[in-house]
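File shown: coords.pdb. Contents: PDB, C-alpha atoms.
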ATOM      1  CA  MET D 439      48.250  30.233  35.695
ATOM      2  CA  LYS D 440      48.236  26.807  34.105
ATOM      3  CA  PRO D 441      45.257  24.565  34.761
ATOM      4  CA  LEU D 442      45.908  21.608  37.001
ATOM      5  CA  ARG D 443      45.995  18.351  35.077
ATOM      6  CA  LEU D 444      45.464  15.147  36.974
ATOM      7  CA  PRO D 445      47.028  11.955  35.642
ATOM      8  CA  ALA D 446      44.582   9.637  33.951
ATOM      9  CA  ALA D 447      43.886   6.643  36.164
ATOM     10  CA  ARG D 448      42.905   3.355  34.629
ATOM     11  CA  PRO D 449      40.178   1.412  36.391
ATOM     12  CA  GLY D 450      41.440  -1.691  38.127
ATOM     13  CA  LEU D 451      39.807  -4.987  38.889
ATOM     14  CA  ALA D 452      38.647  -3.710  42.290
ATOM     15  CA  ASP D 453      36.887  -0.730  40.660
ATOM     16  CA  ILE D 454      35.159  -2.972  38.127
ATOM     17  CA  ALA D 455      34.089  -5.382  40.887
ATOM     18  CA  ILE D 456      32.651  -2.532  42.960
ATOM     19  CA  LEU D 457      30.728  -1.155  39.974
ATOM     20  CA  CYS D 458      29.313  -4.601  39.214
ATOM     21  CA  LEU D 459      28.343  -5.015  42.868
ATOM     22  CA  LEU D 460      26.583  -1.653  42.946
ATOM     23  CA  GLY D 461      24.756  -2.505  39.733
ATOM     24  CA  GLY D 462      23.630  -5.818  41.204
ATOM     25  CA  VAL D 463      22.409  -4.112  44.385
ATOM     26  CA  ILE D 464      20.398  -1.558  42.392
ATOM     27  CA  ALA D 465      18.887  -4.270  40.185
ATOM     28  CA  THR D 466      17.963  -6.330  43.273
ATOM     29  CA  VAL D 467      16.276  -3.351  44.951
ATOM     30  CA  VAL D 468      14.282  -2.572  41.796
ATOM     31  CA  ALA D 469      13.187  -6.194  41.359
ATOM     32  CA  PHE D 470      12.225  -6.484  45.020
ATOM     33  CA  ALA D 471      10.226  -3.242  44.826
ATOM     34  CA  ARG D 472       8.329  -4.634  41.833
ATOM     35  CA  GLU D 473       7.602  -7.774  43.844
ATOM     36  CA  PHE D 474       6.117  -5.544  46.576
ATOM     37  CA  GLN D 475       3.795  -3.844  44.101
ATOM     38  CA  ALA D 476       2.797  -7.030  42.280
ATOM     39  CA  PRO D 477      -0.869  -8.104  42.407
ATOM     40  CA  PHE D 478      -1.656 -10.448  45.272
ATOM     41  CA  ALA D 479      -1.223 -14.137  44.520
ATOM     42  CA  GLN D 480      -1.903 -16.559  47.328
ATOM     43  CA  ALA D 481       0.465 -19.300  46.131
ATOM     44  CA  VAL D 482       3.155 -18.310  43.671
ATOM     45  CA  GLN D 483       4.303 -21.051  41.316
ATOM     46  CA  ILE D 484       7.893 -21.847  42.284
ATOM     47  CA  ASP D 485      10.233 -22.688  39.432
ATOM     48  CA  LEU D 486      12.651 -25.468  40.446
ATOM     49  CA  ARG D 487      15.024 -24.891  37.546
ATOM     50  CA  PRO D 488      18.577 -23.888  38.548
ATOM     51  CA  SER D 489      18.323 -20.704  36.464
ATOM     52  CA  ALA D 490      15.609 -19.369  38.806
ATOM     53  CA  LEU D 491      17.605 -19.976  41.999
ATOM     54  CA  PRO D 492      19.794 -16.794  41.876
ATOM     55  CA  ARG D 493      16.690 -14.607  41.659
ATOM     56  CA  TYR D 494      15.052 -16.414  44.582
ATOM     57  CA  THR D 495      18.272 -16.112  46.600
ATOM     58  CA  LEU D 496      18.394 -12.357  46.062
ATOM     59  CA  TYR D 497      14.743 -12.060  47.127
ATOM     60  CA  SER D 498      15.448 -13.906  50.393
ATOM     61  CA  LEU D 499      18.587 -11.846  50.996
ATOM     62  CA  SER D 500      16.621  -8.631  50.469
ATOM     63  CA  ARG D 501      14.049  -9.685  53.080
ATOM     64  CA  GLY D 502      16.785 -10.579  55.567
ATOM     65  CA  VAL D 503      18.643  -7.286  55.075
ATOM     66  CA  ALA D 504      15.417  -5.256  55.324
ATOM     67  CA  ALA D 505      14.537  -7.037  58.580
ATOM     68  CA  LEU D 506      18.050  -6.406  59.917
ATOM     69  CA  VAL D 507      17.818  -2.674  59.183
ATOM     70  CA  ILE D 508      14.481  -2.495  61.005
ATOM     71  CA  SER D 509      15.990  -4.485  63.887
ATOM     72  CA  TYR D 510      18.878  -2.027  64.237
ATOM     73  CA  LEU D 511      16.538   0.956  64.227
ATOM     74  CA  PHE D 512      14.361  -0.724  66.856
ATOM     75  CA  ALA D 513      17.421  -1.605  68.980
ATOM     76  CA  LEU D 514      18.790   1.951  68.919
ATOM     77  CA  GLY D 515      15.444   3.458  69.875
ATOM     78  CA  PHE D 516      14.555   0.864  72.496
ATOM     79  CA  GLY D 517      17.987   0.828  74.132
ATOM     80  CA  TRP D 518      18.259   4.606  74.297
ATOM     81  CA  VAL D 519      14.811   5.086  75.835
ATOM     82  CA  ALA D 520      15.267   2.234  78.347
ATOM     83  CA  ALA D 521      18.704   3.496  79.407
ATOM     84  CA  LYS D 522      17.646   7.142  79.806
ATOM     85  CA  SER D 523      14.377   6.753  81.694
ATOM     86  CA  ARG D 524      13.926   4.717  84.874
ATOM     87  CA  ALA D 525      10.155   4.468  84.327
ATOM     88  CA  ALA D 526      10.621   3.309  80.727
ATOM     89  CA  GLU D 527      13.224   0.791  81.893
ATOM     90  CA  ARG D 528      10.771  -0.777  84.346
ATOM     91  CA  LEU D 529       8.149  -1.072  81.611
ATOM     92  CA  LEU D 530      10.196  -1.979  78.521
ATOM     93  CA  LEU D 531      12.543  -4.636  79.908
ATOM     94  CA  PRO D 532       9.752  -6.976  81.119
ATOM     95  CA  LEU D 533       7.905  -6.328  77.855
ATOM     96  CA  LEU D 534      11.009  -7.320  75.888
ATOM     97  CA  ASP D 535      11.368 -10.499  77.938
ATOM     98  CA  ILE D 536       7.777 -11.410  77.116
ATOM     99  CA  LEU D 537       8.188 -10.700  73.408
ATOM    100  CA  GLN D 538      11.413 -12.670  73.016
ATOM    101  CA  SER D 539       9.848 -15.660  74.749
ATOM    102  CA  ILE D 540       7.127 -15.882  72.063
ATOM    103  CA  PRO D 541       8.137 -18.185  69.178
ATOM    104  CA  VAL D 542       8.357 -16.749  65.693
ATOM    105  CA  LEU D 543       5.349 -18.814  64.605
ATOM    106  CA  GLY D 544       3.316 -17.174  67.371
ATOM    107  CA  PHE D 545       3.447 -13.867  65.461
ATOM    108  CA  LEU D 546       2.507 -15.503  62.160
ATOM    109  CA  PRO D 547      -1.347 -15.456  62.199
ATOM    110  CA  GLY D 548      -1.706 -11.913  63.503
ATOM    111  CA  LEU D 549       0.865 -10.391  61.172
ATOM    112  CA  VAL D 550      -0.351 -12.174  58.042
ATOM    113  CA  LEU D 551      -4.063 -11.572  58.577
ATOM    114  CA  GLY D 552      -3.603  -7.990  59.770
ATOM    115  CA  LEU D 553      -1.281  -6.854  56.982
ATOM    116  CA  MET D 554      -3.219  -8.663  54.279
ATOM    117  CA  SER D 555      -6.368  -6.877  55.375
ATOM    118  CA  LEU D 556      -4.498  -3.564  54.984
ATOM    119  CA  PHE D 557      -3.201  -4.443  51.495
ATOM    120  CA  PRO D 558      -5.744  -6.885  50.041
ATOM    121  CA  ALA D 559      -4.972  -6.272  46.359
ATOM    122  CA  ARG D 560      -1.176  -6.147  46.502
ATOM    123  CA  ASN D 561       1.601  -8.481  47.516
ATOM    124  CA  MET D 562       2.880  -5.868  49.970
ATOM    125  CA  GLY D 563       0.995  -7.289  52.957
ATOM    126  CA  LEU D 564       2.494 -10.756  52.561
ATOM    127  CA  GLU D 565       5.986  -9.330  52.003
ATOM    128  CA  LEU D 566       5.758  -7.098  55.075
ATOM    129  CA  ALA D 567       4.540 -10.032  57.152
ATOM    130  CA  ALA D 568       7.555 -12.116  56.079
ATOM    131  CA  ILE D 569       9.978  -9.263  56.866
ATOM    132  CA  LEU D 570       8.433  -8.634  60.276
ATOM    133  CA  MET D 571       8.548 -12.320  61.147
ATOM    134  CA  ILE D 572      12.284 -12.304  60.385
ATOM    135  CA  PHE D 573      12.488  -9.142  62.494
ATOM    136  CA  THR D 574      11.053 -10.993  65.508
ATOM    137  CA  ALA D 575      13.962 -13.460  65.250
ATOM    138  CA  GLN D 576      16.586 -10.685  65.119
ATOM    139  CA  ALA D 577      15.615  -7.672  67.182
ATOM    140  CA  TRP D 578      15.608  -8.721  70.829
ATOM    141  CA  ASN D 579      19.293  -9.450  71.433
ATOM    142  CA  LEU D 580      20.288  -6.311  69.510
ATOM    143  CA  ALA D 581      18.085  -4.197  71.769
ATOM    144  CA  LEU D 582      19.499  -5.770  74.932
ATOM    145  CA  SER D 583      23.057  -5.370  73.639
ATOM    146  CA  PHE D 584      22.653  -1.643  73.010
ATOM    147  CA  TYR D 585      20.871  -1.119  76.313
ATOM    148  CA  SER D 586      23.609  -2.886  78.301
ATOM    149  CA  SER D 587      26.334  -0.914  76.461
ATOM    150  CA  LEU D 588      24.678   2.374  77.388
ATOM    151  CA  LYS D 589      24.291   1.345  81.012
ATOM    152  CA  ALA D 590      27.989   0.372  81.139
ATOM    153  CA  LEU D 591      29.226   3.769  79.943
ATOM    154  CA  PRO D 592      31.222   5.543  82.679
ATOM    155  CA  GLN D 593      29.443   8.575  84.078
ATOM    156  CA  PRO D 594      32.552  10.824  83.785
ATOM    157  CA  LEU D 595      32.365  10.467  80.004
ATOM    158  CA  ARG D 596      28.776  11.688  80.001
ATOM    159  CA  ASP D 597      29.740  14.559  82.311
ATOM    160  CA  ALA D 598      32.570  15.516  79.957
ATOM    161  CA  CYS D 599      30.126  15.658  77.057
ATOM    162  CA  LYS D 600      27.854  17.945  79.066
ATOM    163  CA  VAL D 601      30.765  20.205  80.018
ATOM    164  CA  ALA D 602      31.809  20.374  76.357
ATOM    165  CA  GLY D 603      28.296  21.489  75.473
ATOM    166  CA  TRP D 604      27.448  18.535  73.270
ATOM    167  CA  PRO D 605      23.737  18.220  72.433
ATOM    168  CA  PRO D 606      22.106  14.814  72.974
ATOM    169  CA  GLY D 607      22.273  14.009  69.263
ATOM    170  CA  ARG D 608      26.041  14.501  69.121
ATOM    171  CA  THR D 609      26.541  12.485  72.306
ATOM    172  CA  PHE D 610      24.506   9.699  70.773
ATOM    173  CA  ARG D 611      26.487   9.707  67.505
ATOM    174  CA  GLN D 612      30.001  10.221  68.818
ATOM    175  CA  LEU D 613      29.933   8.512  72.220
ATOM    176  CA  GLU D 614      27.089   6.069  72.700
ATOM    177  CA  VAL D 615      26.953   4.404  69.281
ATOM    178  CA  PRO D 616      30.766   3.954  68.988
ATOM    179  CA  ALA D 617      30.852   2.510  72.511
ATOM    180  CA  ALA D 618      28.198  -0.057  71.548
ATOM    181  CA  ALA D 619      29.428  -0.683  67.992
ATOM    182  CA  GLN D 620      31.293  -3.909  68.637
ATOM    183  CA  GLY D 621      28.398  -5.512  70.506
ATOM    184  CA  LEU D 622      25.910  -4.390  67.868
ATOM    185  CA  VAL D 623      27.998  -5.865  65.041
ATOM    186  CA  TRP D 624      28.566  -9.253  66.679
ATOM    187  CA  ASN D 625      24.957  -9.532  67.822
ATOM    188  CA  GLY D 626      23.850  -8.519  64.331
ATOM    189  CA  MET D 627      25.747 -11.488  62.918
ATOM    190  CA  LEU D 628      23.977 -13.806  65.356
ATOM    191  CA  SER D 629      20.617 -12.179  64.655
ATOM    192  CA  MET D 630      20.910 -12.595  60.907
ATOM    193  CA  ALA D 631      21.997 -16.204  61.374
ATOM    194  CA  GLY D 632      18.900 -16.763  63.513
ATOM    195  CA  GLY D 633      16.715 -15.270  60.788
ATOM    196  CA  TRP D 634      17.975 -17.831  58.243
ATOM    197  CA  PHE D 635      16.586 -20.652  60.414
ATOM    198  CA  PHE D 636      13.026 -19.441  59.826
ATOM    199  CA  LEU D 637      13.424 -18.689  56.131
ATOM    200  CA  MET D 638      11.370 -21.659  54.935
ATOM    201  CA  VAL D 639       8.580 -20.906  57.413
ATOM    202  CA  ASN D 640       8.477 -17.207  56.494
ATOM    203  CA  GLU D 641       8.266 -17.761  52.741
ATOM    204  CA  ALA D 642       5.996 -20.825  52.561
ATOM    205  CA  PHE D 643       3.371 -21.386  55.244
ATOM    206  CA  ARG D 644      -0.218 -22.540  55.642
ATOM    207  CA  LEU D 645      -3.019 -20.826  57.561
ATOM    208  CA  GLY D 646      -6.171 -22.918  57.714
ATOM    209  CA  ASP D 647      -7.077 -23.927  54.161
ATOM    210  CA  HIS D 648      -4.884 -21.251  52.574
ATOM    211  CA  ASP D 649      -1.374 -21.975  51.315
ATOM    212  CA  TYR D 650       0.814 -18.854  51.108
ATOM    213  CA  ARG D 651       4.086 -18.671  49.203
ATOM    214  CA  LEU D 652       6.580 -15.956  48.399
ATOM    215  CA  PRO D 653       9.332 -16.314  45.799
ATOM    216  CA  GLY D 654      12.537 -17.064  47.666
ATOM    217  CA  ILE D 655      15.036 -19.716  48.564
ATOM    218  CA  GLY D 656      12.870 -20.866  51.485
ATOM    219  CA  SER D 657       9.846 -21.554  49.290
ATOM    220  CA  PHE D 658      12.176 -23.148  46.718
ATOM    221  CA  MET D 659      13.407 -25.562  49.395
ATOM    222  CA  SER D 660       9.867 -26.184  50.650
ATOM    223  CA  VAL D 661       8.522 -27.099  47.193
ATOM    224  CA  ALA D 662      11.575 -29.257  46.461
ATOM    225  CA  LEU D 663      11.017 -31.073  49.754
ATOM    226  CA  ASP D 664       7.336 -31.653  48.999
ATOM    227  CA  GLN D 665       8.168 -33.078  45.574
ATOM    228  CA  GLY D 666      11.120 -35.120  46.810
ATOM    229  CA  ASN D 667      13.484 -33.385  44.384
ATOM    230  CA  GLY D 668      16.910 -34.111  45.869
ATOM    231  CA  ARG D 669      18.811 -32.222  43.179
ATOM    232  CA  ALA D 670      16.822 -29.035  43.816
ATOM    233  CA  MET D 671      17.317 -29.367  47.580
ATOM    234  CA  ALA D 672      21.093 -29.729  47.112
ATOM    235  CA  LEU D 673      21.137 -26.667  44.857
ATOM    236  CA  ALA D 674      19.168 -24.650  47.427
ATOM    237  CA  ILE D 675      21.599 -25.604  50.199
ATOM    238  CA  ALA D 676      24.564 -24.659  47.996
ATOM    239  CA  ALA D 677      22.960 -21.320  47.116
ATOM    240  CA  MET D 678      22.323 -20.566  50.781
ATOM    241  CA  VAL D 679      25.923 -21.378  51.722
ATOM    242  CA  ILE D 680      27.217 -19.088  48.967
ATOM    243  CA  MET D 681      24.847 -16.328  50.077
ATOM    244  CA  ILE D 682      25.976 -16.554  53.718
ATOM    245  CA  VAL D 683      29.673 -16.523  52.753
ATOM    246  CA  CYS D 684      29.168 -13.489  50.495
ATOM    247  CA  VAL D 685      27.283 -11.618  53.233
ATOM    248  CA  ASP D 686      30.070 -12.423  55.689
ATOM    249  CA  GLN D 687      32.810 -11.150  53.365
ATOM    250  CA  LEU D 688      31.015  -8.110  51.934
ATOM    251  CA  LEU D 689      29.013  -6.910  54.951
ATOM    252  CA  TRP D 690      30.140  -8.325  58.273
ATOM    253  CA  ARG D 691      33.903  -8.349  57.773
ATOM    254  CA  PRO D 692      34.087  -4.589  56.949
ATOM    255  CA  LEU D 693      31.748  -3.840  59.869
ATOM    256  CA  VAL D 694      33.924  -5.848  62.272
ATOM    257  CA  VAL D 695      37.020  -3.946  61.091
ATOM    258  CA  TRP D 696      35.194  -0.629  61.527
ATOM    259  CA  SER D 697      33.984  -1.500  65.030
ATOM    260  CA  ARG D 698      37.489  -2.523  66.102
ATOM    261  CA  SER D 699      39.095   0.594  64.640
ATOM    262  CA  SER D 700      36.875   3.044  66.512
ATOM    263  CA  GLY D 701      38.572   5.298  69.036
ATOM    264  CA  TRP D 702      36.476   3.891  71.876
ATOM    265  CA  THR D 703      37.621   0.331  71.161
ATOM    266  CA  ARG D 704      41.295   1.350  70.978
ATOM    267  CA  ALA D 705      41.013   3.185  74.287
ATOM    268  CA  ALA D 706      39.310   0.226  75.964
ATOM    269  CA  THR D 707      41.984  -2.164  74.653
ATOM    270  CA  ALA D 708      44.767   0.081  75.911
ATOM    271  CA  GLY D 709      43.073   0.277  79.317
ATOM    272  CA  ARG D 710      42.880  -3.514  79.568
ATOM    273  CA  ARG D 711      46.556  -3.802  78.722
ATOM    274  CA  ARG D 712      47.527  -1.293  81.381
ATOM    275  CA  ARG D 713      45.490  -3.142  83.989
ATOM    276  CA  ARG D 714      47.334  -6.321  83.061
ATOM    277  CA  GLY D 715      50.725  -4.637  83.527
ATOM    278  CA  TYR D 716      51.433  -3.608  79.938
ATOM    279  CA  SER D 717      51.624  -0.223  78.287
ATOM    280  CA  THR D 718      50.737   0.661  74.734
ATOM    281  CA  SER D 719      53.324   2.600  72.784
ATOM    282  CA  CYS D 720      51.554   2.830  69.416
ATOM    283  CA  ASP D 721      47.993   3.988  68.830
ATOM    284  CA  GLY D 722      47.533   2.378  65.407
ATOM    285  CA  ARG D 723      48.817   5.423  63.506
ATOM    286  CA  GLY D 724      52.508   5.107  64.323
ATOM    287  CA  CYS D 725      54.708   6.250  67.209
ATOM    288  CA  CYS D 726      53.676   9.704  68.413
ATOM    289  CA  GLY D 727      51.030   9.707  65.668
ATOM    290  CA  ALA D 728      53.633  10.833  63.141
ATOM    291  CA  ARG D 729      55.393   7.944  61.443
ATOM    292  CA  PRO D 730      54.367   4.306  61.013
ATOM    293  CA  CYS D 731      57.082   2.514  62.984
ATOM    294  CA  CYS D 732      55.409  -0.795  63.736
ATOM    295  CA  ASN D 733      52.904  -1.051  60.862
ATOM    296  CA  GLY D 734      50.086   0.218  63.027
ATOM    297  CA  ALA D 735      50.334  -2.713  65.462
ATOM    298  CA  PRO D 736      50.196  -1.961  69.217
ATOM    299  CA  THR D 737      53.462  -2.763  70.959
ATOM    300  CA  ALA D 738      53.164  -4.009  74.529
ATOM    301  CA  ARG D 739      55.944  -4.084  77.087
ATOM    302  CA  PRO D 740      56.021  -4.553  80.860
ATOM    303  CA  ALA D 741      55.054  -1.341  82.630
ATOM    304  CA  GLY D 742      57.605  -0.089  85.046
ATOM    305  CA  ARG D 743      60.880   1.848  85.005
ATOM    306  CA  ARG D 744      61.730   3.100  81.524
ATOM    307  CA  GLY D 745      65.068   4.141  80.102
ATOM    308  CA  ARG D 746      68.408   2.361  80.331
ATOM    309  CA  SER D 747      68.616  -1.259  81.270
ATOM    310  CA  SER D 748      69.854  -2.053  84.765
ATOM    311  CA  GLY D 749      72.335  -4.576  83.408
ATOM    312  CA  ARG D 750      70.785  -7.420  85.322
ATOM    313  CA  SER D 751      69.506 -10.382  83.415
ATOM    314  CA  ALA D 752      65.973 -11.543  83.915
ATOM    315  CA  PRO D 753      65.453 -14.490  86.258
ATOM    316  CA  TRP D 754      64.203 -16.710  83.432
ATOM    317  CA  ALA D 755      67.294 -15.893  81.301
ATOM    318  CA  ARG D 756      69.828 -17.146  83.871
TER     319      ARG D 756
END

Give the structure from the file, written as structure tokens.
Amino acid sequence: MKPLRLPAARPGLADIAILCLLGGVIATVVAFAREFQAPFAQAVQIDLRPSALPRYTLYSLSRGVAALVISYLFALGFGWVAAKSRAAERLLLPLLDILQSIPVLGFLPGLVLGLMSLFPARNMGLELAAILMIFTAQAWNLALSFYSSLKALPQPLRDACKVAGWPPGRTFRQLEVPAAAQGLVWNGMLSMAGGWFFLMVNEAFRLGDHDYRLPGIGSFMSVALDQGNGRAMALAIAAMVIMIVCVDQLLWRPLVVWSRSSGWTRAATAGRRRRRGYSTSCDGRGCCGARPCCNGAPTARPAGRRGRSSGRSAPWAR
């Protein structure tokens, strides 16, 4: 028996770009972890040279992504508990309304003083306070979105999962999260955009006589504003625009495509078309799921009698 020989594949530009992106992500995580473990410095000296701006931008992006991950975990836990338990719903929903009505700056003194007392010798307390302040600008609408998606699930679907013998974990992964995916993705985009508004406040703030700064694009902008450096402010705005565009193309666009391609979303779209008097003849994989006849695009036609034409022209064609 001859050994199977696979043809040698040459790496393309896409492969090289992905490898470079992964290397940049790993280097950013390592640098941000070192910043966490750095000795505590109340006011870091911010370098206004353009060469320092990419590093500050990656620091700010790391804080925003870390806060978004925490926000998603909070939203999944909060929404599931509030949707499953009537007693928890009565307690958690008013509590969430109270928390989302508090401005971001209202959490600032408690978080900074509390976390700095836990980590007095390291920069970890100040970093965690900045991440949690961004979290308070992101989490609430994600939690309400997931809760409302769970409450809107039809009860027959839950009964079918019980009849099939699905455990709660499988129901959560294969029914509840896909049903709420589209709302979670779009609300995540809005949440992250809301977190960028408070970037300058989270990275450079004053409590009493103490001036606290973290290396990032927000503190870069704050120092440039204090010094009246217009060139540095323009560079910071340009860096932030580039960062937001890159996050949109590399993170949000694939997530939007994934949320729209889920089986739950296709079924809901087909149901809306049937209610409007149209039927779907292609499920995105080709007619009858066998051959791609219309390039994966749903084909809609008026629902009614199928088969041969009656020979009569439509009223609008006369």

Next on the checklist: Which residues, named as in the file, does the PyMOL selection byres ((chain D and resi 671) around 12) pick out? Answer as number ranges by chain.
Outcome noted: D: 486-488, 491, 655-670, 672-678

Would you save the residues from that selection as a PDB file, keeping the file's coordinate frame, using C-alpha atoms?
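Result went into again24.pdb, see below:
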ATOM      1  CA  LEU D 486      12.651 -25.468  40.446  1.00  0.00           C
ATOM      2  CA  ARG D 487      15.024 -24.891  37.546  1.00  0.00           C
ATOM      3  CA  PRO D 488      18.577 -23.888  38.548  1.00  0.00           C
ATOM      4  CA  LEU D 491      17.605 -19.976  41.999  1.00  0.00           C
ATOM      5  CA  ILE D 655      15.036 -19.716  48.564  1.00  0.00           C
ATOM      6  CA  GLY D 656      12.870 -20.866  51.485  1.00  0.00           C
ATOM      7  CA  SER D 657       9.846 -21.554  49.290  1.00  0.00           C
ATOM      8  CA  PHE D 658      12.176 -23.148  46.718  1.00  0.00           C
ATOM      9  CA  MET D 659      13.407 -25.562  49.395  1.00  0.00           C
ATOM     10  CA  SER D 660       9.867 -26.184  50.650  1.00  0.00           C
ATOM     11  CA  VAL D 661       8.522 -27.099  47.193  1.00  0.00           C
ATOM     12  CA  ALA D 662      11.575 -29.257  46.461  1.00  0.00           C
ATOM     13  CA  LEU D 663      11.017 -31.073  49.754  1.00  0.00           C
ATOM     14  CA  ASP D 664       7.336 -31.653  48.999  1.00  0.00           C
ATOM     15  CA  GLN D 665       8.168 -33.078  45.574  1.00  0.00           C
ATOM     16  CA  GLY D 666      11.120 -35.120  46.810  1.00  0.00           C
ATOM     17  CA  ASN D 667      13.484 -33.385  44.384  1.00  0.00           C
ATOM     18  CA  GLY D 668      16.910 -34.111  45.869  1.00  0.00           C
ATOM     19  CA  ARG D 669      18.811 -32.222  43.179  1.00  0.00           C
ATOM     20  CA  ALA D 670      16.822 -29.035  43.816  1.00  0.00           C
ATOM     21  CA  ALA D 672      21.093 -29.729  47.112  1.00  0.00           C
ATOM     22  CA  LEU D 673      21.137 -26.667  44.857  1.00  0.00           C
ATOM     23  CA  ALA D 674      19.168 -24.650  47.427  1.00  0.00           C
ATOM     24  CA  ILE D 675      21.599 -25.604  50.199  1.00  0.00           C
ATOM     25  CA  ALA D 676      24.564 -24.659  47.996  1.00  0.00           C
ATOM     26  CA  ALA D 677      22.960 -21.320  47.116  1.00  0.00           C
ATOM     27  CA  MET D 678      22.323 -20.566  50.781  1.00  0.00           C
TER      28      MET D 678
END

Item to check | Non-local contacts of segment 583-598 of chain D (9 Å; all atoms listed in the file; under 5 positions in same chain excluded) as a ChimeraX atom specification | outcome: /D:513-514,516-522,578,603-604,609,613-615,617-619,621-622,625

Next on the checklist: Using only C-alpha atoms for the distances, tell me which of D:Leu546, D:Leu645, D:Leu582, D:Val503 is nearest to Glu527 of chain D.
Outcome noted: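 Smallest distance to Glu527 of chain D is found for D:Leu582.
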
Item to check | Spatial neighbours of Val542 of chain D, max dist 10 Å, all atoms listed in the file, sep filter under 3 positions, as a ChimeraX atom specification | outcome: /D:537-539,545-546,570-575,633,636,639-640

Checklist entry - Suppose you want the space between atom CA of Ile454 of chain D and atom CA of Leu688 of chain D; what is it in Å? => result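 Going from atom CA of Ile454 of chain D over to atom CA of Leu688 of chain D covers 15.3 Å.
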
Checklist entry - Ile682 of chain D: which residues within 12 Å, counting all atoms listed in the file, same-chain residues fewer than 2 positions away excluded, as a list in words? => result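 After dropping sequence-adjacent residues, the list is Thr495, Leu496, Ser498, Leu499, Gly502, Val503, Met627, Met630, Ala631, Gly633, Trp634, Ile675, Ala676, Ala677, Met678, Val679, Ile680, Cys684, Val685, Asp686, Gln687, Leu688, Leu689 and Trp690 of chain D.
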
Checklist entry - Quick one, how far is atom CA of Val550 of chain D from atom CA of Leu531 of chain D? => result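 Interatomic distance here is 26.5 Å.
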
Next on the checklist: Report, in Å with one decimal, the straight-line distance from atom CA of Glu641 of chain D to atom CA of Pro558 of chain D.
Outcome noted: 17.9 Å

First collect every listed atom of segment 549-557 of chain D; then fit an axis-aligned box around them, widen it by 3 Å on each side, and give centre and edge lengths in Å to one decimal, as AutoDock Vina command-line options.
--center_x -2.8 --center_y -7.9 --center_z 56.3 --size_x 13.2 --size_y 14.6 --size_z 15.7

Atoms added to segment 482-492 of chain D (N, CA, C and O atoms), reported as a PDB file, in the frame of the given file:
ATOM      1  N   VAL D 482       2.363 -18.545  44.872  1.00  0.00           N
ATOM      2  CA  VAL D 482       3.155 -18.310  43.671  1.00  0.00           C
ATOM      3  C   VAL D 482       3.720 -19.644  43.189  1.00  0.00           C
ATOM      4  O   VAL D 482       4.169 -20.477  43.987  1.00  0.00           O
ATOM      5  N   GLN D 483       3.711 -19.847  41.882  1.00  0.00           N
ATOM      6  CA  GLN D 483       4.303 -21.051  41.316  1.00  0.00           C
ATOM      7  C   GLN D 483       5.822 -20.940  41.379  1.00  0.00           C
ATOM      8  O   GLN D 483       6.412 -20.019  40.817  1.00  0.00           O
ATOM      9  N   ILE D 484       6.451 -21.871  42.088  1.00  0.00           N
ATOM     10  CA  ILE D 484       7.893 -21.847  42.284  1.00  0.00           C
ATOM     11  C   ILE D 484       8.562 -22.668  41.187  1.00  0.00           C
ATOM     12  O   ILE D 484       8.218 -23.840  40.976  1.00  0.00           O
ATOM     13  N   ASP D 485       9.487 -22.039  40.504  1.00  0.00           N
ATOM     14  CA  ASP D 485      10.233 -22.688  39.432  1.00  0.00           C
ATOM     15  C   ASP D 485      11.451 -23.389  40.044  1.00  0.00           C
ATOM     16  O   ASP D 485      12.293 -22.740  40.686  1.00  0.00           O
ATOM     17  N   LEU D 486      11.546 -24.692  39.876  1.00  0.00           N
ATOM     18  CA  LEU D 486      12.651 -25.468  40.446  1.00  0.00           C
ATOM     19  C   LEU D 486      13.850 -25.592  39.512  1.00  0.00           C
ATOM     20  O   LEU D 486      14.776 -26.349  39.807  1.00  0.00           O
ATOM     21  N   ARG D 487      13.862 -24.854  38.422  1.00  0.00           N
ATOM     22  CA  ARG D 487      15.024 -24.891  37.546  1.00  0.00           C
ATOM     23  C   ARG D 487      16.189 -24.139  38.186  1.00  0.00           C
ATOM     24  O   ARG D 487      15.990 -23.148  38.901  1.00  0.00           O
ATOM     25  N   PRO D 488      17.417 -24.582  37.953  1.00  0.00           N
ATOM     26  CA  PRO D 488      18.577 -23.888  38.548  1.00  0.00           C
ATOM     27  C   PRO D 488      18.700 -22.435  38.118  1.00  0.00           C
ATOM     28  O   PRO D 488      19.223 -21.612  38.873  1.00  0.00           O
ATOM     29  N   SER D 489      18.216 -22.085  36.935  1.00  0.00           N
ATOM     30  CA  SER D 489      18.323 -20.704  36.464  1.00  0.00           C
ATOM     31  C   SER D 489      17.484 -19.738  37.291  1.00  0.00           C
ATOM     32  O   SER D 489      17.770 -18.534  37.324  1.00  0.00           O
ATOM     33  N   ALA D 490      16.451 -20.232  37.978  1.00  0.00           N
ATOM     34  CA  ALA D 490      15.609 -19.369  38.806  1.00  0.00           C
ATOM     35  C   ALA D 490      16.154 -19.194  40.212  1.00  0.00           C
ATOM     36  O   ALA D 490      15.703 -18.307  40.945  1.00  0.00           O
ATOM     37  N   LEU D 491      17.114 -20.007  40.621  1.00  0.00           N
ATOM     38  CA  LEU D 491      17.605 -19.976  41.999  1.00  0.00           C
ATOM     39  C   LEU D 491      18.336 -18.683  42.357  1.00  0.00           C
ATOM     40  O   LEU D 491      18.150 -18.172  43.478  1.00  0.00           O
ATOM     41  N   PRO D 492      19.175 -18.082  41.486  1.00  0.00           N
ATOM     42  CA  PRO D 492      19.794 -16.794  41.876  1.00  0.00           C
ATOM     43  C   PRO D 492      18.783 -15.698  42.173  1.00  0.00           C
ATOM     44  O   PRO D 492      18.963 -14.926  43.124  1.00  0.00           O
TER      45      PRO D 492
END
